[in-house]
Each structure stands twice: as C-alpha cells, then as structure tokens.
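target-v8.txt follows (compact mmCIF, C-alpha atoms):
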```
# COMPACT_ATOMS: atom_id res chain seq x y z
CA MET I 1 143.69 117.09 136.63
CA SER I 2 140.16 115.74 136.93
CA THR I 3 137.33 113.97 135.17
CA PRO I 4 134.08 115.79 136.04
CA VAL I 5 131.39 113.71 137.75
CA GLY I 6 128.53 112.86 135.42
CA SER I 7 130.58 113.44 132.30
CA VAL I 8 129.38 111.69 129.17
CA ALA I 9 132.50 112.67 127.26
CA ALA I 10 135.28 110.28 126.34
CA PRO I 11 136.79 108.53 129.40
CA THR I 12 140.25 109.77 128.43
CA LEU I 13 139.21 113.41 128.92
CA ARG I 14 141.30 115.13 131.58
CA LEU I 15 140.84 118.82 132.28
CA ASN I 16 142.55 121.16 134.70
CA ASP I 17 140.29 121.79 137.67
CA PRO I 18 140.31 125.54 138.40
CA THR I 19 137.88 125.29 141.33
CA GLU I 20 139.65 127.84 143.52
CA LEU I 21 140.00 130.24 140.61
CA VAL I 22 136.30 129.88 139.81
CA SER I 23 135.35 130.55 143.43
CA ARG I 24 137.38 133.76 143.65
CA ASN I 25 136.01 135.13 140.40
CA TRP I 26 132.46 134.09 141.28
CA ILE I 27 132.67 136.12 144.48
CA ASP I 28 133.97 139.12 142.54
CA LEU I 29 131.11 138.74 140.05
CA CYS I 30 128.45 138.65 142.75
CA GLU I 31 129.91 141.67 144.51
CA ILE I 32 129.53 143.73 141.32
CA VAL I 33 125.80 143.05 141.15
CA SER I 34 124.97 143.03 144.86
CA GLY I 35 125.64 146.74 145.23
CA SER I 36 123.12 147.75 142.57
CA SER I 37 120.33 145.16 142.70
CA LEU I 38 118.25 146.90 145.37
CA THR I 39 118.26 150.17 143.45
CA LEU I 40 117.66 148.66 140.01
CA PHE I 41 114.63 146.68 141.07
CA GLY I 42 112.79 149.46 142.84
CA PHE I 43 113.51 148.83 146.50
CA ILE I 44 115.17 152.24 146.85
CA ASN I 45 113.46 155.40 145.65
CA VAL I 46 115.83 157.19 143.25
CA THR I 47 115.45 159.09 140.00
CA LYS I 48 115.51 157.35 136.62
CA HIS I 49 118.69 159.23 135.72
CA ALA I 50 120.39 157.89 138.86
CA VAL I 51 119.23 154.35 138.10
CA GLN I 52 120.58 154.55 134.56
CA ALA I 53 123.92 155.91 135.76
CA LEU I 54 124.17 153.09 138.30
CA ALA I 55 123.37 150.50 135.64
CA GLU I 56 125.99 151.88 133.27
CA LYS I 57 128.67 151.60 135.96
CA ALA I 58 127.58 148.06 136.79
CA VAL I 59 127.67 147.03 133.13
CA GLU I 60 131.14 148.50 132.71
CA ARG I 61 132.37 146.56 135.73
CA LEU I 62 130.74 143.36 134.48
CA ARG I 63 132.35 143.68 131.06
CA ASN I 64 135.74 144.43 132.61
CA TRP I 65 135.35 141.37 134.83
CA HIS I 66 134.47 139.18 131.85
CA ASN I 67 137.24 140.53 129.63
CA GLY I 68 139.76 140.12 132.43
CA LEU I 69 139.07 136.46 133.15
CA PRO I 70 142.12 134.19 133.02
CA PRO I 71 142.29 131.80 130.05
CA GLU I 72 141.20 128.87 132.24
CA LEU I 73 137.81 130.51 132.81
CA GLN I 74 137.13 131.76 129.30
CA VAL I 75 134.72 129.99 126.95
CA GLU I 76 134.67 130.43 123.18
CA LEU I 77 131.05 129.96 122.20
CA GLY I 78 131.95 129.80 118.52
CA ASN I 79 134.45 126.99 119.09
CA GLU I 80 132.35 123.83 119.23
CA GLY I 81 135.42 121.70 119.79
CA GLY I 82 136.38 123.40 123.04
CA GLU I 83 136.25 121.37 126.26
CA TYR I 84 135.49 122.96 129.63
CA VAL I 85 134.89 121.80 133.16
CA PRO I 86 131.26 122.21 134.29
CA HIS I 87 131.76 124.97 136.86
CA VAL I 88 133.44 127.17 134.24
CA LEU I 89 130.41 126.81 131.98
CA LEU I 90 128.11 127.63 134.90
CA LEU I 91 130.21 130.67 135.81
CA GLN I 92 129.81 131.98 132.27
CA MET I 93 126.07 131.36 132.44
CA GLN I 94 125.91 133.33 135.68
CA TYR I 95 127.66 136.28 134.04
CA HIS I 96 125.10 136.38 131.25
CA GLN I 97 122.23 136.15 133.72
CA PHE I 98 123.61 139.19 135.53
CA MET I 99 123.83 141.04 132.22
CA ILE I 100 120.14 140.30 131.76
CA TYR I 101 119.37 141.47 135.30
CA ILE I 102 121.12 144.80 134.79
CA HIS I 103 119.52 145.52 131.39
CA ARG I 104 116.05 144.06 131.92
CA PRO I 105 114.63 147.11 133.78
CA PHE I 106 115.33 149.21 130.67
CA ILE I 107 113.68 147.12 127.94
CA SER I 108 110.47 149.13 128.25
CA LYS I 109 110.11 152.01 125.80
CA TYR I 110 108.88 154.42 128.45
CA ARG I 111 108.61 153.04 131.98
CA SER I 112 112.29 153.06 132.93
CA GLN I 113 113.64 155.53 130.39
CA PRO I 114 114.70 158.91 131.78
CA TYR I 115 113.48 162.10 130.15
CA PRO I 116 115.14 163.73 128.40
CA PRO I 117 116.77 160.51 127.13
CA VAL I 118 120.35 159.80 128.20
CA GLY I 119 122.62 156.87 127.54
CA PRO I 120 121.71 153.76 125.53
CA SER I 121 118.09 153.35 124.44
CA TYR I 122 115.67 150.53 125.19
CA ASN I 123 116.75 148.89 121.91
CA HIS I 124 120.26 148.49 123.31
CA ALA I 125 118.86 146.91 126.49
CA ARG I 126 116.71 144.50 124.49
CA THR I 127 119.57 143.50 122.21
CA THR I 128 121.92 142.90 125.14
CA CYS I 129 119.32 140.80 126.95
CA MET I 130 118.71 138.71 123.83
CA GLU I 131 122.42 138.20 123.21
CA SER I 132 122.93 137.02 126.79
CA ALA I 133 119.87 134.77 126.60
CA VAL I 134 121.23 133.17 123.43
CA ALA I 135 124.64 132.74 125.10
CA ILE I 136 123.00 130.97 128.05
CA SER I 137 121.20 128.65 125.63
CA GLN I 138 124.50 127.85 123.89
CA LEU I 139 126.28 127.23 127.19
CA LEU I 140 123.42 125.04 128.36
CA THR I 141 123.65 122.98 125.18
CA ARG I 142 127.37 122.55 125.66
CA TYR I 143 126.94 121.59 129.33
CA ARG I 144 124.22 119.03 128.58
CA SER I 145 126.15 117.41 125.74
CA ALA I 146 129.28 117.04 127.88
CA TYR I 147 127.91 116.28 131.35
CA THR I 148 124.07 116.01 131.27
CA LEU I 149 122.01 118.24 133.59
CA ARG I 150 121.31 115.71 136.33
CA LEU I 151 124.09 116.93 138.61
CA ILE I 152 124.23 120.61 137.72
CA ASN I 153 123.96 123.16 140.53
CA VAL I 154 120.45 124.37 141.36
CA GLN I 155 121.49 127.88 140.29
CA ALA I 156 121.01 126.71 136.72
CA VAL I 157 117.23 126.78 137.18
CA SER I 158 117.17 130.53 137.80
CA ILE I 159 119.70 131.19 135.04
CA VAL I 160 117.84 129.21 132.38
CA PHE I 161 114.49 130.70 133.43
CA SER I 162 115.90 134.24 133.06
CA ALA I 163 117.10 133.45 129.55
CA ALA I 164 113.84 131.76 128.57
CA LEU I 165 111.77 134.70 129.81
CA ILE I 166 113.71 137.10 127.59
CA LEU I 167 113.37 134.74 124.62
CA VAL I 168 109.61 134.46 125.18
CA PHE I 169 109.35 138.25 125.21
CA ALA I 170 111.42 138.52 122.04
CA THR I 171 109.60 135.79 120.11
CA VAL I 172 106.09 136.86 121.08
CA SER I 173 106.87 140.52 120.35
CA GLU I 174 108.81 139.55 117.20
CA ILE I 175 111.80 141.55 118.39
CA ARG I 176 115.10 140.49 116.85
CA GLY I 177 117.45 143.33 117.69
CA ASP I 178 120.82 142.92 115.99
CA THR I 179 120.81 139.14 116.22
CA ASN I 180 120.51 136.88 113.19
CA VAL I 181 119.69 133.70 115.08
CA ASP I 182 116.59 131.59 115.44
CA LEU I 183 115.30 132.71 118.81
CA ASN I 184 112.60 130.03 118.82
CA THR I 185 115.30 127.36 118.65
CA HIS I 186 117.06 128.81 121.68
CA LEU I 187 113.74 129.13 123.52
CA SER I 188 113.08 125.45 122.87
CA THR I 189 116.55 124.64 124.20
CA CYS I 190 115.81 126.48 127.44
CA CYS I 191 112.39 124.85 127.81
CA ARG I 192 113.86 121.40 127.28
CA GLY I 193 116.56 122.28 129.78
CA LEU I 194 113.99 123.25 132.41
CA ALA I 195 112.06 120.06 131.72
CA GLU I 196 115.21 118.00 132.24
CA LEU I 197 116.18 119.97 135.33
CA GLY I 198 112.70 119.25 136.67
CA LYS I 199 113.70 115.61 137.12
CA THR I 200 116.10 116.78 139.83
CA PHE I 201 114.71 120.12 141.01
CA GLN I 202 110.99 120.67 141.56
CA ASN I 203 111.36 124.42 141.16
CA ALA I 204 112.47 123.84 137.55
CA THR I 205 109.13 122.19 136.76
CA ARG I 206 107.33 125.10 138.38
CA ALA I 207 109.49 127.58 136.46
CA LEU I 208 108.58 125.90 133.17
CA GLU I 209 104.87 126.02 134.03
CA VAL I 210 105.11 129.72 134.88
CA LEU I 211 107.06 130.39 131.69
CA LEU I 212 104.47 128.72 129.46
CA SER I 213 101.68 130.53 131.31
CA ILE I 214 103.39 133.88 130.73
CA LYS I 215 103.87 133.05 127.06
CA ARG I 216 100.17 132.25 126.61
CA ALA I 217 99.15 135.44 128.43
CA TRP I 218 101.45 137.63 126.31
CA GLN I 219 100.27 135.98 123.10
CA ALA I 220 96.63 136.53 124.08
CA LYS I 221 97.29 140.17 124.93
CA LEU I 222 99.10 140.67 121.64
CA LEU I 223 96.16 139.25 119.70
CA VAL I 224 93.74 141.54 121.54
CA ASP I 225 95.92 144.58 120.85
CA VAL I 226 96.25 143.69 117.16
CA GLY I 227 92.50 143.16 116.87
CA SER I 228 91.77 146.51 118.50
CA LYS I 229 94.14 148.32 116.13
CA ARG I 230 92.59 146.65 113.09
CA ARG I 231 89.05 147.56 114.17
CA SER I 232 90.10 151.14 114.82
CA SER I 233 91.78 151.35 111.42
CA SER I 234 88.74 149.84 109.70
CA ILE I 235 86.41 152.36 111.31
CA ARG I 236 88.56 155.27 110.14
CA THR I 237 88.83 153.82 106.62
CA HIS I 238 85.12 153.23 106.10
CA LYS I 239 83.95 156.38 107.75
CA GLY I 240 82.44 158.68 105.15
CA PRO I 241 83.72 162.19 104.51
CA ALA I 242 82.60 164.75 107.00
CA LYS I 243 79.52 166.72 105.94
CA LYS I 244 79.84 170.44 105.61
CA ARG I 245 77.90 172.30 108.20
CA THR I 246 75.82 175.18 106.88
CA ILE I 247 74.36 178.09 108.72
CA SER I 248 70.63 178.27 108.15
```

Would you mind writing the structure in this file as structure tokens?
Amino acid sequence: MSTPVGSVAAPTLRLNDPTELVSRNWIDLCEIVSGSSLTLFGFINVTKHAVQALAEKAVERLRNWHNGLPPELQVELGNEGGEYVPHVLLLQMQYHQFMIYIHRPFISKYRSQPYPPVGPSYNHARTTCMESAVAISQLLTRYRSAYTLRLINVQAVSIVFSAALILVFATVSEIRGDTNVDLNTHLSTCCRGLAELGKTFQNATRALEVLLSIKRAWQAKLLVDVGSKRRSSSIRTHKGPAKKRTIS
C-alpha cells in the first residue's frame, strides 16, 4: 500500500501500488508501436495499402492490449469517484497518445488514403484521434486534481501536446466527428496543463508556444481559404449571362 508523492488527496488515501505490473504492461505497449512507427511516418518507402494494413494490425493489437489490462490498471473515465495511482493514469494517457500516433497519418482526405479506398475512412481516423485527445484531457484533469502536475513524468509533455494538436485541428476546422463534447474546453485543459508543466519542464513551455503558433497559422489559412471561396462564388453569381455568338 502507498500514498503517492505529491498527492493532494485526503491523507487517509491508501492505494495498491502496481508498479511492477505497470512496468511490464508499459513495455508491451511500447513494443506494439515500435514495430510500425518507422513505416507509418514515412521513413520506409511502402505503398499506401501496405501502410494501412500495418496500421490496422497495430490498432487491433493496441485495443487488445487495452481491453486485456488487469483491473488494477484500468481507469473508468466516466466514474469521477474512482481513485488511481499516478503511474496508472499516465499509462492510460500513453495508450491514447499511441492511438493518436497510429491514426494521425490518415486524417487527411487524400494524402494518406489508398486508392481505391480500403478499410476505415479519414473520418474514422479523425474521430478516433479526437476521442483519444479528449480521453487524455480527462485523465490529465484527474491527475492534476489528485496529485498536481509538479512531479509528473516528463513524458506527459509529449502526451498532452499530441492531444492538444488534435484538438486545435478539430476546433479550427470545426470537425466534431461522433463526439458530443466541448472540444474547446478540452483544448483549454491541455493548454493549461502545458503551462503548468512549463514550471517544471522547459520543453512544455516551448510546446505551448509552438501549439499557439500553429493554431494562429491554421486560423489565418482558413480565413484566406474562406475569403477566396466567397470571392469566387461572388464572381460567378454576378457574372452576366453569356452572349450568343453569331456568324456574320
């Protein structure tokens, strides 16, 4: 039994410490992703069909890993009264980051989609990424309320940044997928988390600066694209009917 360091919960809280169990499952989780990361992110030249097949196998293994976790390592996001040791929460966050990693190459409508289309579409990839980003936000909130972020592992910076990047993409593009949640709220949670992490890790401050810069750039590009479409539509609308050509 243990009381986690940095805990702000009640002093009587005592939780089983499944450190060894976490370590074994963390290794298994990383091994699932390590075999496909080089191919998915373009370091190995393969066809789009091969990349999609590899991703589908990796996703299946990830889901099987997650569904097969022992009760000590499971987290019920809908159960706000649940109490978990910090490394279990971080393990769950890592799983969702890997789900984002595997699906993120396929969120483009055309760039990574094989032709003819096979497997899930880009909408599925976007929805999965958003669901995992929201889950990371929820886990981060639970971690911060129970333990604060001052002593969290540095891995949290990368995890939270991955979630925030997806949420920026979704909010700027006004993509909701199948979720009925306020994505802006979860984006704010991740940004506040990076700001708090920046008090301990300098790379978190840099990550937040990059994130806000990307958001501004995407918003500016979106405004330019919308303006161009409106001007093009206006020209077509106000253009007079074509004159008949006569042969003289």

Open item on the list: I want to know what sits within 9 Å of Leu21 in chain I, based on only C-alpha atoms, with residues of the same chain fewer than 6 positions away left out; could you give that as a PyMOL selection string?
Closed with: chain I and resi 70+72-73

- [ ] Skip Tyr84 in chain I itself and residues of its chain fewer than 6 positions away, then list as a ChimeraX atom specification all residues within 9 Å of it, counting all atoms listed in the file.
- [x] /I:15-16,72-75,143,146

Given the selection you just returned, output its residues as a file containing C-alpha atoms, formatted as a JSON list (two decimals), in the coordinates of the input.
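Written file, again21.json:
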```json
[["chain", "number", "residue", "atom", "x", "y", "z"],
["I", 15, "LEU", "CA", 140.84, 118.82, 132.28],
["I", 16, "ASN", "CA", 142.55, 121.16, 134.70],
["I", 72, "GLU", "CA", 141.20, 128.87, 132.24],
["I", 73, "LEU", "CA", 137.81, 130.51, 132.81],
["I", 74, "GLN", "CA", 137.13, 131.76, 129.30],
["I", 75, "VAL", "CA", 134.72, 129.99, 126.95],
["I", 143, "TYR", "CA", 126.94, 121.59, 129.33],
["I", 146, "ALA", "CA", 129.28, 117.04, 127.88]]
```

TODO: May I have the residues within 9 Å of Val157 in chain I as a list in words, using only C-alpha atoms and disregarding those fewer than 6 positions away in the same chain?
DONE: Gly193, Leu194, Leu197, Gly198, Phe201, Asn203, Ala204 and Ala207 of chain I

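Note that the spacing between CA of Thr141 in chain I and CA of Ala55 in chain I amounts to 29.4 Å.
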
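For the atom pair formed by CA of Arg24 in chain I and CA of Glu60 in chain I, the distance is 19.4 Å, given to one decimal.
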
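Coordinates place CA of Ser173 in chain I at a distance of 22.6 Å from CA of Phe98 in chain I.
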
TODO: Could you give me, as a PyMOL selection string, the residues that have an atom at most 10 Å away from the point (124.0, 117.0, 131.7) in the coordinates of the file, using all atoms listed in the file?
DONE: chain I and resi 6-8+86+140-152+193+196-197

What lies within 8 Å of Val22 in chain I using all atoms listed in the file, ignoring chain neighbours under 6 positions off, as a PDB file with C-alpha atoms, keeping the file's coordinate frame?
```
ATOM      1  CA  LEU I  73     137.810 130.510 132.810  1.00  0.00           C
ATOM      2  CA  HIS I  87     131.760 124.970 136.860  1.00  0.00           C
ATOM      3  CA  VAL I  88     133.440 127.170 134.240  1.00  0.00           C
ATOM      4  CA  LEU I  91     130.210 130.670 135.810  1.00  0.00           C
TER       5      LEU I  91
END
```
